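*Asks:* Structure in structure tokens, see below.
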Amino acid sequence: MQWRKAAVVGGAVGGVALGAAAAYNAANARGAEPLEDPLGGESGEILWRGHRIAYSRQGTGTPVLLIHGLYPGASSLEWRHTVPALVDRHTVITVDLLGFGRSDRPAARYTSALYQALLGDVLSRIVRESCAVVASSLSAAHLIALAARDPRQIAVLALIAPTGVAHLRDPEPSESATTRLLLDAPIVGNTIYNHLTSPTRMRDFLKAAYADDRLVTSAMIDAYVRAARQHGGRHAVAALVSGVLNVDVRAALRRVRQPTLVLWGNLARQNPVEHAHAFRVIKRDIEWSLIQEAGDFPQDERPDEVNAALRLFLERTGRWSPSGPRLVMT
């Protein structure tokens with residue numbers, strides 16, 4: 001993953017003096033205006049371990065929870081084309097994970113166990129009933145681990161280019177600890193992070209993630225940079241690029257009993273479609289949908305095809321409990 005490679009390149013900081021670095025960071029921080037809910041609907045938040053977790057809810061019917069991936073600039077904006085396609089038949093809930101989007105970004109110890117615990121509490125405190133869960137990339141791996149260990153509130157799974165079998169399975173090698181220390185350092189860390197999340201870097205990341213890079217507009221780049229540059233954003237990303245959020249789901253995948261759909265862009269580069277074969281070998285009853293002419297974000301690049309596959313899957317497997325009482329927003 002290019003974020004990991006870029007983070008360990010010494011040239012990110014180069015010979016910048018601390019004073020100049022502090023001025024550079026301050027200049028970048030001035031552009032980080034608070035985020036608004038990009039999807040509309042009924043916005044709310046819960047307090048989780050002392051930190052705000054933001055979510056939104058819209059539509060009626062059986063509940064579907066959408067979980068965005070983990071990468072710099074990640075947020076529920078990832079589901080901008082998915083929510084409108086599902087709200088006519090489902091109560092659709094999107095959540096910004098700790099360290100991302102509109103949720104708090106504390107200097108916490110971010111681990112795979114933390115995110116799995118958060119997902120479990122989101123299900124019990126926000127959804128509050130058995131539901132379908134749609135998750136992408138590294139978050140999909142954490143969902144697999146949770147579904148295998150505690151399946152009570154997860155009725156069906158839809159995974160978009162999940163990791164944890166052939167990709168982002170093991171912790172990164174020795175330099176990962178150094179990477180995390182550098183990013184967590186107050187001035188140097190901000191300097192490295194602002195370099196990693198510059199408009200140029202974000203454009204390169206998005207163009208590599210989309211099969212058709214003409215879809216990567218200036219407005220899209222600005223939205224991702226703004227999301228990444230929220231105060232405290234570097235802390236979760238430090239854990240991400242150091243590899244401590246990686247999770248091996250091979251054993252967990254064998255224990256998953258819920259109906260499972262895997263979707264993959266046939267032109268994905270960061271997590272290429274060849275990795276999908278390993279999932280199908282481990283769990284032979286998995287359903288499979290290959291999205292043509294799509295990269296690592298097929299739900300955004302080819303939404304009609306992804307939404308059609310999701311709707312068909314949910315209609316066929318969607319006999320979980322009907323929507324119950326909603327959580328009162330705090």
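Every chain in the structure tokens takes a letter, A first, then B, and so on in the order presented; its residues are numbered from 1, and the ligands are numbered from 1 following the presented order.
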Write out as a PDB file with C-alpha atoms, in the first residue's frame the residues lying within 6 Å of region 59-66 of chain A, counting only C-alpha atoms and excluding same-chain residues fewer than 6 positions away.
*Replies:*
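What ended up in out-v3.pdb:
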```
ATOM      1  CA  VAL A  87     -33.300   3.359   1.551  1.00  0.00           C
ATOM      2  CA  ARG A  89     -36.445  -1.065   1.381  1.00  0.00           C
ATOM      3  CA  HIS A  90     -34.061  -0.747   4.320  1.00  0.00           C
ATOM      4  CA  THR A  91     -33.159   1.376   7.282  1.00  0.00           C
ATOM      5  CA  VAL A  92     -29.629   2.326   6.248  1.00  0.00           C
ATOM      6  CA  ILE A  93     -27.144   3.289   8.956  1.00  0.00           C
ATOM      7  CA  THR A  94     -23.703   4.688   8.201  1.00  0.00           C
ATOM      8  CA  CYS A 131     -28.881  -6.698  10.564  1.00  0.00           C
ATOM      9  CA  ALA A 132     -26.996  -6.917   7.315  1.00  0.00           C
ATOM     10  CA  VAL A 133     -23.542  -5.346   7.365  1.00  0.00           C
ATOM     11  CA  VAL A 134     -21.705  -4.042   4.311  1.00  0.00           C
ATOM     12  CA  ALA A 135     -18.013  -3.238   4.840  1.00  0.00           C
ATOM     13  CA  PRO A 322     -37.810  -6.327  11.228  1.00  0.00           C
ATOM     14  CA  SER A 323     -36.750  -2.889  12.401  1.00  0.00           C
TER      15      SER A 323
END
```
*Asks:* Using only C-alpha atoms, I'd like a table of the residues in region 57-126 of chain A that come within 10 Å of region 211-234 of chain A; for each, show the closest atom pair and its distance in Å rounded to one decimal, ordered by chain and ascending number, as JSON lines.
*Replies:*
```
{"residue": "A:Tyr71", "atom": "CA", "partner": "A:Ala228", "partner_atom": "CA", "distance": 8.9}
{"residue": "A:Pro72", "atom": "CA", "partner": "A:Ala228", "partner_atom": "CA", "distance": 5.5}
{"residue": "A:Gly73", "atom": "CA", "partner": "A:Ala228", "partner_atom": "CA", "distance": 3.9}
{"residue": "A:Ala74", "atom": "CA", "partner": "A:Ala227", "partner_atom": "CA", "distance": 7.1}
{"residue": "A:Ser75", "atom": "CA", "partner": "A:Ala227", "partner_atom": "CA", "distance": 7.3}
{"residue": "A:Leu77", "atom": "CA", "partner": "A:Ala223", "partner_atom": "CA", "distance": 9.1}
{"residue": "A:Leu98", "atom": "CA", "partner": "A:Gly233", "partner_atom": "CA", "distance": 9.8}
{"residue": "A:Gly99", "atom": "CA", "partner": "A:Gly233", "partner_atom": "CA", "distance": 6.0}
{"residue": "A:Phe100", "atom": "CA", "partner": "A:Gly233", "partner_atom": "CA", "distance": 6.8}
{"residue": "A:Gly101", "atom": "CA", "partner": "A:Ala227", "partner_atom": "CA", "distance": 6.0}
{"residue": "A:Arg102", "atom": "CA", "partner": "A:Ala227", "partner_atom": "CA", "distance": 8.3}
{"residue": "A:Ser103", "atom": "CA", "partner": "A:Gln230", "partner_atom": "CA", "distance": 10.0}
{"residue": "A:Asp104", "atom": "CA", "partner": "A:Gly232", "partner_atom": "CA", "distance": 8.1}
{"residue": "A:Arg105", "atom": "CA", "partner": "A:Gly232", "partner_atom": "CA", "distance": 5.0}
{"residue": "A:Pro106", "atom": "CA", "partner": "A:Gly232", "partner_atom": "CA", "distance": 6.1}
{"residue": "A:Ala107", "atom": "CA", "partner": "A:Gly232", "partner_atom": "CA", "distance": 6.9}
{"residue": "A:Ala108", "atom": "CA", "partner": "A:Gly232", "partner_atom": "CA", "distance": 9.9}
```
*Asks:* Between A:Leu138, A:Leu39, A:Val247, A:Leu290, which one has atoms that come closest to Leu70 (chain A), using only C-alpha atoms?
*Replies:*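 With only C-alpha atoms as the atom set, the closest residue is A:Leu138.
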*Asks:* With a distance cut-off of 12 Å and only C-alpha atoms, select the neighbouring residues of Arg109 (chain A), excluding the residue or stretch itself and same-chain residues fewer than 6 positions from it, and output the selection as a list of chain:residue names.
*Replies:*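 The neighbour list is A:Leu98, A:Gly99, A:Tyr115, A:Arg180, A:Asp184, A:His235, A:Ala236, A:Val237, A:Ala238, A:Ala239, A:Leu240, A:Val244, A:Leu245.
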*Asks:* Okay, now the selection with N, CA and C atoms, as a tab-separated table (two decimals), in the first residue's frame?
*Replies:*
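Final output, selection03.tsv:
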```tsv
chain	number	residue	atom	x	y	z
A	98	LEU	N	-13.95	5.48	14.75
A	98	LEU	CA	-13.08	6.31	15.57
A	98	LEU	C	-11.81	6.66	14.79
A	99	GLY	N	-11.47	7.95	14.78
A	99	GLY	CA	-10.29	8.40	14.05
A	99	GLY	C	-10.57	8.86	12.65
A	115	TYR	N	-11.07	-1.72	17.04
A	115	TYR	CA	-12.08	-1.54	16.00
A	115	TYR	C	-13.14	-2.65	16.02
A	180	ARG	N	5.25	4.40	13.21
A	180	ARG	CA	4.22	4.85	14.13
A	180	ARG	C	4.76	5.90	15.09
A	184	ASP	N	3.37	9.72	15.41
A	184	ASP	CA	2.80	10.13	16.69
A	184	ASP	C	3.55	11.29	17.33
A	235	HIS	N	-3.40	10.09	14.12
A	235	HIS	CA	-3.21	9.03	15.12
A	235	HIS	C	-3.69	7.67	14.60
A	236	ALA	N	-4.89	7.62	14.04
A	236	ALA	CA	-5.38	6.35	13.50
A	236	ALA	C	-4.56	5.92	12.29
A	237	VAL	N	-4.15	6.90	11.48
A	237	VAL	CA	-3.37	6.57	10.30
A	237	VAL	C	-1.98	6.06	10.69
A	238	ALA	N	-1.42	6.54	11.80
A	238	ALA	CA	-0.15	6.01	12.28
A	238	ALA	C	-0.26	4.52	12.54
A	239	ALA	N	-1.36	4.11	13.15
A	239	ALA	CA	-1.58	2.67	13.39
A	239	ALA	C	-1.78	1.94	12.07
A	240	LEU	N	-2.48	2.58	11.14
A	240	LEU	CA	-2.75	1.95	9.86
A	240	LEU	C	-1.47	1.68	9.08
A	244	VAL	N	-0.39	-2.32	12.44
A	244	VAL	CA	-0.98	-2.94	13.63
A	244	VAL	C	-2.48	-3.17	13.49
A	245	LEU	N	-3.10	-2.60	12.47
A	245	LEU	CA	-4.53	-2.84	12.24
A	245	LEU	C	-4.77	-4.04	11.33
```
*Asks:* Any idea what the distance is between CA of Ala308 (chain A) and CA of Glu274 (chain A)?
*Replies:*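 Straight-line distance from CA of Ala308 (chain A) to CA of Glu274 (chain A) works out to 22.9 Å.
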*Asks:* Given the choices A:Leu263, A:Gln58, A:Pro34, A:Glu287, which gets closest to Ala85 (chain A) if the distance is worked out from only C-alpha atoms?
*Replies:* A:Gln58
*Asks:* According to DSSP computed on the backbone, where in region 86-289 of chain A is there strand (DSSP E)? Give the residues as a PyMOL selection string.
*Replies:* chain A and resi 90-95+131-136+154-160+260-265+287-289
*Asks:* Hey, what's within 12 Å of Ile291 (chain A) if we count only C-alpha atoms and toss same-chain stuff fewer than 5 positions away? As a PDB file with N, CA and C atoms, in the first residue's frame, please?
*Replies:*
```pdb
ATOM      1  N   ILE A 160     -16.662  -5.799   0.444  1.00  0.00           N
ATOM      2  CA  ILE A 160     -16.132  -5.209  -0.778  1.00  0.00           C
ATOM      3  C   ILE A 160     -14.615  -5.222  -0.710  1.00  0.00           C
ATOM      4  N   ALA A 161     -13.993  -6.039  -1.564  1.00  0.00           N
ATOM      5  CA  ALA A 161     -12.535  -6.189  -1.611  1.00  0.00           C
ATOM      6  C   ALA A 161     -11.933  -6.320  -0.218  1.00  0.00           C
ATOM      7  N   ALA A 211     -10.138   2.692 -11.557  1.00  0.00           N
ATOM      8  CA  ALA A 211      -9.751   2.215 -12.884  1.00  0.00           C
ATOM      9  C   ALA A 211      -9.818   3.349 -13.898  1.00  0.00           C
ATOM     10  N   VAL A 262     -19.151 -11.429  -1.585  1.00  0.00           N
ATOM     11  CA  VAL A 262     -17.905 -10.697  -1.813  1.00  0.00           C
ATOM     12  C   VAL A 262     -17.995 -10.016  -3.175  1.00  0.00           C
ATOM     13  N   LEU A 263     -17.707  -8.719  -3.192  1.00  0.00           N
ATOM     14  CA  LEU A 263     -17.678  -7.947  -4.435  1.00  0.00           C
ATOM     15  C   LEU A 263     -16.263  -7.427  -4.653  1.00  0.00           C
ATOM     16  N   TRP A 264     -15.840  -7.416  -5.920  1.00  0.00           N
ATOM     17  CA  TRP A 264     -14.456  -7.016  -6.203  1.00  0.00           C
ATOM     18  C   TRP A 264     -14.382  -6.340  -7.570  1.00  0.00           C
ATOM     19  N   GLY A 265     -13.673  -5.237  -7.639  1.00  0.00           N
ATOM     20  CA  GLY A 265     -13.422  -4.610  -8.931  1.00  0.00           C
ATOM     21  C   GLY A 265     -12.375  -5.389  -9.706  1.00  0.00           C
ATOM     22  N   ASN A 266     -12.661  -5.695 -10.957  1.00  0.00           N
ATOM     23  CA  ASN A 266     -11.739  -6.550 -11.718  1.00  0.00           C
ATOM     24  C   ASN A 266     -10.422  -5.855 -12.047  1.00  0.00           C
ATOM     25  N   LEU A 267     -10.364  -4.524 -11.886  1.00  0.00           N
ATOM     26  CA  LEU A 267      -9.144  -3.787 -12.190  1.00  0.00           C
ATOM     27  C   LEU A 267      -8.516  -3.176 -10.928  1.00  0.00           C
ATOM     28  N   ALA A 268      -8.871  -3.709  -9.775  1.00  0.00           N
ATOM     29  CA  ALA A 268      -8.292  -3.205  -8.525  1.00  0.00           C
ATOM     30  C   ALA A 268      -6.776  -3.388  -8.540  1.00  0.00           C
ATOM     31  N   VAL A 273      -7.749  -8.381  -7.737  1.00  0.00           N
ATOM     32  CA  VAL A 273      -8.801  -9.389  -7.720  1.00  0.00           C
ATOM     33  C   VAL A 273      -8.243 -10.800  -7.555  1.00  0.00           C
ATOM     34  N   ASP A 296     -10.426  -0.213  -6.865  1.00  0.00           N
ATOM     35  CA  ASP A 296     -10.534  -0.579  -5.454  1.00  0.00           C
ATOM     36  C   ASP A 296     -11.765  -0.012  -4.767  1.00  0.00           C
ATOM     37  N   PHE A 297     -12.466   0.928  -5.406  1.00  0.00           N
ATOM     38  CA  PHE A 297     -13.700   1.492  -4.857  1.00  0.00           C
ATOM     39  C   PHE A 297     -14.859   1.239  -5.819  1.00  0.00           C
ATOM     40  N   PRO A 298     -15.216  -0.016  -6.062  1.00  0.00           N
ATOM     41  CA  PRO A 298     -16.276  -0.282  -7.044  1.00  0.00           C
ATOM     42  C   PRO A 298     -17.624   0.322  -6.648  1.00  0.00           C
ATOM     43  N   GLN A 299     -17.881   0.474  -5.349  1.00  0.00           N
ATOM     44  CA  GLN A 299     -19.152   1.041  -4.903  1.00  0.00           C
ATOM     45  C   GLN A 299     -19.288   2.506  -5.296  1.00  0.00           C
ATOM     46  N   ASP A 300     -18.174   3.173  -5.568  1.00  0.00           N
ATOM     47  CA  ASP A 300     -18.210   4.561  -5.998  1.00  0.00           C
ATOM     48  C   ASP A 300     -17.997   4.690  -7.498  1.00  0.00           C
ATOM     49  N   GLU A 301     -17.192   3.777  -8.042  1.00  0.00           N
ATOM     50  CA  GLU A 301     -16.851   3.868  -9.463  1.00  0.00           C
ATOM     51  C   GLU A 301     -17.918   3.247 -10.360  1.00  0.00           C
ATOM     52  N   ARG A 302     -18.489   2.125  -9.946  1.00  0.00           N
ATOM     53  CA  ARG A 302     -19.537   1.449 -10.712  1.00  0.00           C
ATOM     54  C   ARG A 302     -20.724   1.166  -9.792  1.00  0.00           C
ATOM     55  N   PRO A 303     -21.364   2.229  -9.281  1.00  0.00           N
ATOM     56  CA  PRO A 303     -22.406   2.041  -8.262  1.00  0.00           C
ATOM     57  C   PRO A 303     -23.618   1.261  -8.746  1.00  0.00           C
ATOM     58  N   ASP A 304     -24.000   1.398 -10.009  1.00  0.00           N
ATOM     59  CA  ASP A 304     -25.186   0.687 -10.486  1.00  0.00           C
ATOM     60  C   ASP A 304     -24.994  -0.824 -10.378  1.00  0.00           C
ATOM     61  N   GLU A 305     -23.826  -1.306 -10.781  1.00  0.00           N
ATOM     62  CA  GLU A 305     -23.565  -2.741 -10.728  1.00  0.00           C
ATOM     63  C   GLU A 305     -23.470  -3.230  -9.280  1.00  0.00           C
ATOM     64  N   VAL A 306     -22.769  -2.476  -8.439  1.00  0.00           N
ATOM     65  CA  VAL A 306     -22.634  -2.864  -7.028  1.00  0.00           C
ATOM     66  C   VAL A 306     -23.987  -2.840  -6.332  1.00  0.00           C
ATOM     67  N   ASN A 307     -24.762  -1.796  -6.558  1.00  0.00           N
ATOM     68  CA  ASN A 307     -26.067  -1.683  -5.903  1.00  0.00           C
ATOM     69  C   ASN A 307     -27.022  -2.780  -6.346  1.00  0.00           C
ATOM     70  N   ALA A 308     -26.965  -3.134  -7.619  1.00  0.00           N
ATOM     71  CA  ALA A 308     -27.818  -4.221  -8.104  1.00  0.00           C
ATOM     72  C   ALA A 308     -27.456  -5.534  -7.423  1.00  0.00           C
ATOM     73  N   ALA A 309     -26.160  -5.800  -7.283  1.00  0.00           N
ATOM     74  CA  ALA A 309     -25.721  -7.029  -6.616  1.00  0.00           C
ATOM     75  C   ALA A 309     -26.112  -7.017  -5.144  1.00  0.00           C
ATOM     76  N   LEU A 310     -25.975  -5.874  -4.481  1.00  0.00           N
ATOM     77  CA  LEU A 310     -26.357  -5.777  -3.078  1.00  0.00           C
ATOM     78  C   LEU A 310     -27.852  -5.973  -2.886  1.00  0.00           C
TER      79      LEU A 310
END
```
*Asks:* What gap, in Å, lies between CA of Val127 (chain A) and CA of Arg257 (chain A)?
*Replies:*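 Taking CA of Val127 (chain A) as the start and CA of Arg257 (chain A) as the end point, the length is 20.5 Å.
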*Asks:* List the spatial neighbours of Ser139 (chain A) as a list in words - criterion: any atom at most 9 Å away, only C-alpha atoms, same-chain residues fewer than 2 positions off excluded.
*Replies:*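 Contacts, in chain order: Ile67, His68, Gly69, Leu70, Tyr115, Gln116, Ala135, Ser136, Ser137, Ala141, His142, Leu143, Ile144, Pro162 and Thr163 of chain A.
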*Asks:* Can you work out the spacing between CA of Arg169 (chain A) and CA of Ala145 (chain A) in Å, to one decimal?
*Replies:*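 These two atoms are separated by 12.2 Å.
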*Asks:* From a DSSP pass on the backbone, collect the residues of region 243-300 of chain A flagged as alpha helix (DSSP H) and hand them back as a list of chain:residue names.
*Replies:*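 Residues of region 243-300 of chain A classed as alpha helix (DSSP H): A:Arg250, A:Ala251, A:Ala252, A:Leu253, A:Arg254, A:Arg255, A:Ala276, A:His277, A:Ala278, A:Phe279, A:Arg280, A:Val281, A:Ile282, A:Pro298, A:Gln299, A:Asp300.
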*Asks:* I need the residues from that last selection saved to file as a tab-separated table (two decimals), in the first residue's frame (with C-alpha atoms), if you can.
*Replies:*
```tsv
chain	number	residue	atom	x	y	z
A	250	ARG	CA	-8.31	-17.18	7.57
A	251	ALA	CA	-9.44	-19.11	10.64
A	252	ALA	CA	-12.34	-16.73	11.32
A	253	LEU	CA	-13.61	-17.00	7.75
A	254	ARG	CA	-13.97	-20.76	8.15
A	255	ARG	CA	-16.26	-20.16	11.15
A	276	ALA	CA	-10.36	-13.00	-4.09
A	277	HIS	CA	-9.53	-16.58	-5.00
A	278	ALA	CA	-8.16	-17.21	-1.50
A	279	PHE	CA	-11.51	-16.25	0.04
A	280	ARG	CA	-13.37	-18.63	-2.23
A	281	VAL	CA	-11.02	-21.48	-1.41
A	282	ILE	CA	-11.52	-21.05	2.34
A	298	PRO	CA	-16.28	-0.28	-7.04
A	299	GLN	CA	-19.15	1.04	-4.90
A	300	ASP	CA	-18.21	4.56	-6.00
```
